[in-house]
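Novice: Pasting structure_29.txt below, which is compact mmCIF, C-alpha atoms.
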# COMPACT_ATOMS: atom_id res chain seq x y z
CA MET A 1 5.18 60.76 45.52
CA SER A 2 1.55 61.61 46.25
CA GLN A 3 -0.72 58.94 47.70
CA TYR A 4 -3.56 60.61 45.80
CA LYS A 5 -4.41 60.25 42.13
CA THR A 6 -7.45 62.48 41.62
CA LEU A 7 -8.24 65.99 42.85
CA PHE A 8 -11.68 67.59 42.72
CA PHE A 9 -11.69 71.37 43.05
CA ASP A 10 -14.57 73.67 43.76
CA LEU A 11 -14.21 76.87 41.71
CA ASP A 12 -15.79 79.93 43.36
CA GLY A 13 -14.08 80.74 46.64
CA THR A 14 -11.48 78.00 46.21
CA LEU A 15 -9.50 78.66 43.06
CA LEU A 16 -11.02 82.01 42.12
CA ASP A 17 -12.41 85.01 43.96
CA THR A 18 -15.43 85.59 41.73
CA GLU A 19 -17.41 87.82 44.07
CA GLY A 20 -16.80 91.12 42.26
CA ASP A 21 -18.14 90.05 38.89
CA ILE A 22 -21.02 88.02 40.30
CA LYS A 23 -22.28 90.89 42.43
CA ALA A 24 -21.85 93.44 39.64
CA CYS A 25 -24.01 91.38 37.28
CA MET A 26 -26.56 90.72 40.02
CA ARG A 27 -26.89 94.42 40.79
CA GLU A 28 -27.58 95.14 37.12
CA ALA A 29 -30.23 92.40 36.94
CA LEU A 30 -31.90 93.54 40.16
CA LYS A 31 -32.02 97.15 38.97
CA GLU A 32 -33.63 96.13 35.69
CA LEU A 33 -36.40 94.40 37.64
CA GLY A 34 -36.81 97.22 40.14
CA LEU A 35 -35.74 95.03 43.06
CA SER A 36 -33.75 96.21 46.07
CA THR A 37 -30.04 95.55 45.66
CA ALA A 38 -29.30 96.36 49.32
CA ASP A 39 -31.71 93.75 50.69
CA PHE A 40 -30.49 91.09 48.31
CA MET A 41 -26.77 91.67 48.86
CA ARG A 42 -27.21 91.68 52.62
CA ASN A 43 -28.20 88.00 52.58
CA PHE A 44 -26.43 86.79 49.45
CA LEU A 45 -23.92 83.93 49.66
CA ILE A 46 -21.69 82.65 46.86
CA GLY A 47 -21.46 78.90 46.55
CA PRO A 48 -24.91 77.37 47.19
CA PRO A 49 -27.34 76.86 44.26
CA LEU A 50 -28.49 80.25 42.97
CA PHE A 51 -32.24 79.64 43.14
CA GLU A 52 -32.02 78.68 46.84
CA VAL A 53 -29.97 81.78 47.64
CA ALA A 54 -32.25 84.06 45.63
CA LYS A 55 -35.34 82.60 47.29
CA GLU A 56 -33.92 83.41 50.71
CA SER A 57 -32.57 86.83 49.71
CA LEU A 58 -35.80 87.89 47.95
CA PRO A 59 -38.49 86.52 50.30
CA ASP A 60 -41.29 88.61 48.80
CA ALA A 61 -40.54 87.72 45.18
CA SER A 62 -42.53 85.06 43.33
CA ASP A 63 -40.82 82.02 41.87
CA GLU A 64 -41.48 83.49 38.43
CA MET A 65 -39.75 86.74 39.39
CA ILE A 66 -36.78 84.83 40.80
CA GLU A 67 -36.47 82.81 37.60
CA THR A 68 -36.54 86.04 35.59
CA PHE A 69 -33.84 87.53 37.80
CA ILE A 70 -31.66 84.42 37.44
CA ARG A 71 -32.06 84.47 33.64
CA LEU A 72 -31.06 88.14 33.46
CA PHE A 73 -28.09 87.58 35.73
CA ARG A 74 -26.89 84.59 33.71
CA ASP A 75 -27.26 86.46 30.42
CA LYS A 76 -25.02 89.20 31.77
CA TYR A 77 -22.52 86.96 33.56
CA ASP A 78 -22.02 84.68 30.56
CA GLN A 79 -20.99 87.60 28.33
CA ILE A 80 -18.41 89.45 30.42
CA ASN A 81 -14.64 88.87 30.47
CA TYR A 82 -14.55 88.62 34.29
CA PRO A 83 -12.49 91.75 35.00
CA GLN A 84 -13.17 91.56 38.74
CA THR A 85 -12.33 87.86 39.19
CA PHE A 86 -8.95 86.94 40.65
CA ILE A 87 -6.88 83.83 41.34
CA TYR A 88 -6.27 83.15 45.02
CA PRO A 89 -2.53 83.37 45.81
CA GLY A 90 -0.64 80.21 44.96
CA MET A 91 -3.60 78.30 43.56
CA GLY A 92 -2.48 78.59 39.94
CA ASP A 93 0.93 77.20 40.89
CA LEU A 94 -0.80 74.43 42.84
CA LEU A 95 -2.77 73.34 39.76
CA SER A 96 0.30 73.36 37.53
CA CYS A 97 2.38 71.45 40.07
CA ALA A 98 -0.30 68.84 40.67
CA LYS A 99 -0.60 68.28 36.92
CA LYS A 100 3.18 67.91 36.57
CA ASN A 101 3.11 65.38 39.41
CA GLY A 102 0.75 63.23 37.37
CA LEU A 103 -2.49 63.83 39.27
CA ALA A 104 -5.83 64.05 37.46
CA LEU A 105 -7.64 67.35 38.09
CA TYR A 106 -11.38 67.95 37.86
CA ILE A 107 -13.74 70.81 38.66
CA ALA A 108 -16.77 69.91 40.81
CA THR A 109 -18.94 73.00 41.13
CA ASN A 110 -22.45 74.30 41.71
CA LYS A 111 -21.67 76.83 38.97
CA ARG A 112 -23.03 76.21 35.50
CA GLU A 113 -20.75 74.69 32.89
CA THR A 114 -20.73 77.64 30.47
CA PRO A 115 -19.23 80.25 32.85
CA THR A 116 -17.03 77.57 34.43
CA ARG A 117 -15.38 76.75 31.12
CA ARG A 118 -15.17 80.43 30.16
CA LEU A 119 -13.34 81.14 33.42
CA LEU A 120 -10.93 78.24 32.88
CA ASN A 121 -10.22 79.62 29.43
CA ARG A 122 -9.89 83.18 30.77
CA PHE A 123 -7.11 82.10 33.15
CA GLU A 124 -5.55 79.63 30.67
CA TRP A 125 -6.37 76.64 32.87
CA THR A 126 -8.36 74.57 30.38
CA GLY A 127 -5.41 72.30 29.62
CA LEU A 128 -4.79 71.60 33.31
CA PHE A 129 -8.14 69.94 33.93
CA ASN A 130 -9.21 66.51 32.79
CA GLY A 131 -12.86 67.48 33.00
CA VAL A 132 -15.62 69.62 34.49
CA TYR A 133 -18.56 68.46 36.60
CA ALA A 134 -20.94 71.40 36.92
CA VAL A 135 -24.45 71.75 38.27
CA ASP A 136 -25.94 71.49 34.75
CA SER A 137 -23.58 68.85 33.35
CA PHE A 138 -26.23 66.15 33.66
CA PRO A 139 -29.36 65.50 31.59
CA TYR A 140 -31.35 64.72 34.72
CA GLU A 141 -32.31 66.34 38.01
CA LYS A 142 -29.57 68.33 39.70
CA LYS A 143 -28.18 66.56 42.74
CA GLY A 144 -26.24 69.17 44.71
CA LYS A 145 -22.52 68.91 45.45
CA THR A 146 -22.69 65.39 46.88
CA GLY A 147 -24.56 64.18 43.81
CA ILE A 148 -22.17 65.94 41.45
CA LEU A 149 -19.16 64.41 43.18
CA ALA A 150 -20.76 60.96 43.38
CA GLN A 151 -21.46 61.04 39.64
CA ALA A 152 -17.87 62.08 38.94
CA LEU A 153 -16.49 59.22 41.04
CA ALA A 154 -18.73 56.74 39.26
CA ASP A 155 -17.95 58.06 35.77
CA LEU A 156 -14.20 58.06 36.40
CA ASN A 157 -14.08 54.84 38.41
CA CYS A 158 -12.10 56.69 41.08
CA ARG A 159 -11.21 55.08 44.38
CA PRO A 160 -12.34 57.46 47.17
CA GLU A 161 -9.25 56.76 49.27
CA GLU A 162 -7.09 58.01 46.38
CA SER A 163 -9.15 61.17 45.82
CA VAL A 164 -9.41 64.59 47.46
CA MET A 165 -12.21 67.18 47.51
CA ILE A 166 -10.92 70.75 47.88
CA GLY A 167 -13.46 73.48 48.59
CA ASP A 168 -14.46 76.42 50.73
CA THR A 169 -17.99 75.60 51.91
CA ILE A 170 -19.81 73.18 54.17
CA GLY A 171 -21.34 71.57 51.08
CA ASP A 172 -17.91 70.84 49.61
CA ILE A 173 -16.52 69.26 52.76
CA ASN A 174 -19.66 67.30 53.59
CA ALA A 175 -19.76 65.93 50.03
CA GLY A 176 -16.19 64.72 50.25
CA LYS A 177 -16.59 63.21 53.70
CA ASP A 178 -19.89 61.53 52.83
CA LEU A 179 -18.21 59.79 49.89
CA GLY A 180 -15.04 58.79 51.72
CA LEU A 181 -12.60 61.29 50.19
CA ALA A 182 -9.91 63.23 51.96
CA THR A 183 -11.08 66.83 52.30
CA ILE A 184 -9.25 70.15 52.22
CA ALA A 185 -11.18 73.16 53.52
CA PHE A 186 -9.90 76.33 51.87
CA ASP A 187 -10.78 78.94 54.47
CA ARG A 188 -10.01 82.10 52.52
CA GLY A 189 -13.13 81.71 50.42
CA TYR A 190 -16.82 82.24 51.16
CA GLY A 191 -17.44 79.65 53.86
CA ASP A 192 -17.23 80.44 57.57
CA PRO A 193 -13.86 79.13 58.91
CA ASN A 194 -15.45 78.08 62.21
CA ASP A 195 -18.16 76.12 60.42
CA LEU A 196 -15.51 74.40 58.34
CA LYS A 197 -13.43 73.57 61.40
CA ASN A 198 -16.42 71.91 63.04
CA LEU A 199 -16.57 69.45 60.13
CA ASN A 200 -13.04 68.22 60.93
CA PRO A 201 -11.65 68.23 57.38
CA SER A 202 -8.41 66.41 56.63
CA LEU A 203 -6.75 69.83 56.29
CA GLN A 204 -7.98 73.38 56.79
CA THR A 205 -5.85 76.17 55.39
CA SER A 206 -5.66 79.17 53.07
CA ASP A 207 -2.03 78.41 52.19
CA ALA A 208 -1.32 76.75 48.83
CA ASP A 209 2.04 75.54 50.14
CA GLN A 210 0.33 73.62 52.94
CA ILE A 211 -2.03 72.04 50.43
CA ALA A 212 0.92 70.99 48.26
CA ARG A 213 2.64 69.40 51.24
CA PHE A 214 -0.52 67.56 52.27
CA LEU A 215 -0.86 66.20 48.73
CA GLY A 216 2.80 65.18 48.64
CA LEU A 217 3.58 67.23 45.55
CA ARG A 218 7.18 67.48 44.40
CA ASN A 219 8.80 70.74 43.28
CA PHE A 220 6.07 73.11 44.39
CA PRO A 221 7.43 76.63 43.69
CA LYS A 222 8.27 78.74 46.71
CA GLN A 223 5.61 81.37 47.35
CA ASN A 224 6.41 84.99 48.21
For this file, write the structure as structure tokens.
Specialist:
Amino acid sequence: MSQYKTLFFDLDGTLLDTEGDIKACMREALKELGLSTADFMRNFLIGPPLFEVAKESLPDASDEMIETFIRLFRDKYDQINYPQTFIYPGMGDLLSCAKKNGLALYIATNKRETPTRRLLNRFEWTGLFNGVYAVDSFPYEKKGKTGILAQALADLNCRPEESVMIGDTIGDINAGKDLGLATIAFDRGYGDPNDLKNLNPSLQTSDADQIARFLGLRNFPKQN
């Protein structure tokens, strides 16, 4: 029986490899604005808040231009069926097994709620999650991953020692550690494995079976 009751999952780079669709929509938006796709993609990182990444990747663009780019990208990304997005091996089985073991599952992501819910629906995961905490789920100022996770803990009255944050970036692991959760660094995603290791997470792995064992899940299906 698992000692944990609540799991918080990051989405991009943890459950899903979303890079293909994100970059395809970004290239289209950049081309429409006459901006260099090569310069942007060279510095682009998936995971951190989009405005921050765009500001760094487009240093000569005004804030107004960046906002226009983000709006175009979102318009495109919110309408596709995510043909270039894929489930990381074993992560779908992990979600199903955790649910069958009686754990509560939540998404905690810097992604917006609309594409997050569309992706959950696309992969038939909506029924596995008890809720979604996205960057725009709140009617007040965005707080980053630590703020998102803190709000989730408060809303759900979760005990940190019975909760786990699972993610692929420094922001994910720092958020979990700052709030007293166990942390699982998924190092097949978009974060640097060495950077994650330096944070000393409770577990660092790209293996769903290892995650299931850490969580104490029963009857996790054998992976090929």
Novice: Quick one: residues within 10 Å of A:Leu181, all atoms listed in the file, excluding same-chain residues fewer than 6 positions away - as number ranges by chain?
Specialist: A: 7-8, 159-166, 173-175, 202
Novice: Identify, on the basis of all atoms listed in the file, every residue whose closest approach to A:Asn110 does not exceed 7 Å; exclude the query and any residue fewer than 4 positions from it along the same chain; express the result as a PyMOL selection string.
Specialist: chain A and resi 47-49+134-135+145
Novice: Write the residues of the preceding selection, restricted to C-alpha atoms, as a compact mmCIF listing (two decimals), in the coordinates of the input.
Specialist:
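Written output follows (result-v8.txt):
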# COMPACT_ATOMS: atom_id res chain seq x y z
CA GLY A 47 -21.46 78.90 46.55
CA PRO A 48 -24.91 77.37 47.19
CA PRO A 49 -27.34 76.86 44.26
CA ALA A 134 -20.94 71.40 36.92
CA VAL A 135 -24.45 71.75 38.27
CA LYS A 145 -22.52 68.91 45.45
Novice: For A:Glu124, which of A:Leu196, A:Ala29, A:Leu95, A:Ile22 is the closest residue, counting all atoms listed in the file?
Specialist: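 Answer, going by the shortest atom-to-atom distance: A:Leu95.
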Novice: What is the distance between atom CA of A:Ala108 and atom CA of A:Tyr133, in Å to one decimal?
Specialist: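 Value for the atom CA of A:Ala108-atom CA of A:Tyr133 distance: 4.8 Å.
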Novice: Assuming 6 Å of padding per side, give the centre and edge lengths of the axis-aligned box around every listed atom of stretch 178-181 of chain A, in Å to one decimal and as JSON.
Specialist:
{"center_x": -16.2, "center_y": 60.2, "center_z": 51.4, "size_x": 19.3, "size_y": 14.7, "size_z": 14.9}
Novice: Near stretch 101-104 of chain A, within 8 Å and counting all atoms listed in the file, which residues show up once chain neighbours fewer than 2 positions away are dropped, as a list in words?
Specialist: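 Neighbouring residues, sequence-local ones excluded: Met1, Ser2, Tyr4, Lys5, Thr6, Leu7, Cys97, Ala98, Lys99, Tyr106, Phe129, Asn130, Leu217 and Arg218 of chain A.
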Novice: Report, in Å to a single decimal, how far apart atom CA of A:Asp136 and atom CA of A:Arg112 are.
Specialist: 5.6 Å
Novice: Give the answer as one residue: which of A:Leu11, A:Leu215, A:Ile184, A:Leu16 has the shortest atom-to-atom distance to A:Leu203, using all atoms listed in the file?
Specialist: A:Ile184
Novice: Can you work out which one of A:Leu128, A:Met41, A:Ile170, A:Met91 has the shortest atom-to-atom distance to A:Thr14, counting only C-alpha atoms?
Specialist: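 Answer, going by the shortest atom-to-atom distance: A:Met91.
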Novice: Could you tell me which of A:Val132, A:Phe123, A:Asp93, A:Lys177 comes closest to A:Asp209 if we count all atoms listed in the file?
Specialist: A:Asp93
Novice: Of the candidates A:Gly92, A:Gly13, A:Gly34, A:Pro83, which shows the shortest atom-to-atom distance to A:Tyr190, using only C-alpha atoms?
Specialist: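 Closest to A:Tyr190 of all the choices is A:Gly13.
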Novice: Could you tell me how far atom CA of A:Lys76 lies from atom CA of A:Ala54, in Å and to one decimal?
Specialist: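 Straight-line distance from atom CA of A:Lys76 to atom CA of A:Ala54 works out to 16.5 Å.
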Novice: Could you give me, as a PyMOL selection string, the residues that have an atom at most 12 Å away from the point (-33.6, 81.9, 46.4) in the coordinates of the file, using all atoms listed in the file?
Specialist: chain A and resi 40+43-46+48-70
Novice: Please output stretch 208-223 of chain A, rebuilt to include N, CA, C and O atoms, as an mmCIF file, in the frame of the given file.
Specialist:
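Dumped everything to selection-v8.cif:
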data_model
loop_
_atom_site.group_PDB
_atom_site.id
_atom_site.type_symbol
_atom_site.label_atom_id
_atom_site.label_comp_id
_atom_site.auth_asym_id
_atom_site.auth_seq_id
_atom_site.Cartn_x
_atom_site.Cartn_y
_atom_site.Cartn_z
ATOM 1 N N ALA A 208 -1.531 77.721 49.903
ATOM 2 C CA ALA A 208 -1.320 76.750 48.830
ATOM 3 C C ALA A 208 -0.137 75.833 49.134
ATOM 4 O O ALA A 208 -0.145 74.653 48.754
ATOM 5 N N ASP A 209 0.873 76.356 49.803
ATOM 6 C CA ASP A 209 2.040 75.540 50.140
ATOM 7 C C ASP A 209 1.658 74.390 51.075
ATOM 8 O O ASP A 209 2.137 73.257 50.920
ATOM 9 N N GLN A 210 0.790 74.674 52.034
ATOM 10 C CA GLN A 210 0.330 73.620 52.940
ATOM 11 C C GLN A 210 -0.479 72.557 52.190
ATOM 12 O O GLN A 210 -0.376 71.359 52.491
ATOM 13 N N ILE A 211 -1.269 72.989 51.236
ATOM 14 C CA ILE A 211 -2.030 72.040 50.430
ATOM 15 C C ILE A 211 -1.081 71.147 49.635
ATOM 16 O O ILE A 211 -1.248 69.929 49.567
ATOM 17 N N ALA A 212 -0.054 71.760 49.036
ATOM 18 C CA ALA A 212 0.920 70.990 48.260
ATOM 19 C C ALA A 212 1.636 69.963 49.126
ATOM 20 O O ALA A 212 1.843 68.816 48.695
ATOM 21 N N ARG A 213 1.974 70.340 50.344
ATOM 22 C CA ARG A 213 2.640 69.400 51.240
ATOM 23 C C ARG A 213 1.694 68.261 51.640
ATOM 24 O O ARG A 213 2.099 67.100 51.697
ATOM 25 N N PHE A 214 0.452 68.596 51.918
ATOM 26 C CA PHE A 214 -0.520 67.560 52.270
ATOM 27 C C PHE A 214 -0.678 66.558 51.127
ATOM 28 O O PHE A 214 -0.791 65.343 51.358
ATOM 29 N N LEU A 215 -0.684 67.058 49.903
ATOM 30 C CA LEU A 215 -0.860 66.200 48.730
ATOM 31 C C LEU A 215 0.410 65.447 48.361
ATOM 32 O O LEU A 215 0.367 64.537 47.527
ATOM 33 N N GLY A 216 1.534 65.831 48.953
ATOM 34 C CA GLY A 216 2.800 65.180 48.640
ATOM 35 C C GLY A 216 3.348 65.557 47.281
ATOM 36 O O GLY A 216 4.014 64.740 46.618
ATOM 37 N N LEU A 217 3.112 66.799 46.856
ATOM 38 C CA LEU A 217 3.580 67.230 45.550
ATOM 39 C C LEU A 217 5.067 67.561 45.565
ATOM 40 O O LEU A 217 5.567 68.183 46.506
ATOM 41 N N ARG A 218 5.764 67.173 44.540
ATOM 42 C CA ARG A 218 7.180 67.480 44.400
ATOM 43 C C ARG A 218 7.349 68.788 43.632
ATOM 44 O O ARG A 218 6.590 69.103 42.736
ATOM 45 N N ASN A 219 8.381 69.538 44.015
ATOM 46 C CA ASN A 219 8.800 70.740 43.280
ATOM 47 C C ASN A 219 7.742 71.823 43.226
ATOM 48 O O ASN A 219 7.594 72.516 42.210
ATOM 49 N N PHE A 220 7.019 71.992 44.340
ATOM 50 C CA PHE A 220 6.070 73.110 44.390
ATOM 51 C C PHE A 220 6.867 74.406 44.527
ATOM 52 O O PHE A 220 7.719 74.525 45.418
ATOM 53 N N PRO A 221 6.625 75.390 43.660
ATOM 54 C CA PRO A 221 7.430 76.630 43.690
ATOM 55 C C PRO A 221 7.241 77.407 44.986
ATOM 56 O O PRO A 221 6.118 77.495 45.518
ATOM 57 N N LYS A 222 8.325 77.949 45.491
ATOM 58 C CA LYS A 222 8.270 78.740 46.710
ATOM 59 C C LYS A 222 7.408 79.975 46.498
ATOM 60 O O LYS A 222 7.541 80.684 45.503
ATOM 61 N N GLN A 223 6.515 80.224 47.463
ATOM 62 C CA GLN A 223 5.610 81.370 47.350
ATOM 63 C C GLN A 223 6.183 82.573 48.095
ATOM 64 O O GLN A 223 6.843 82.427 49.120
#
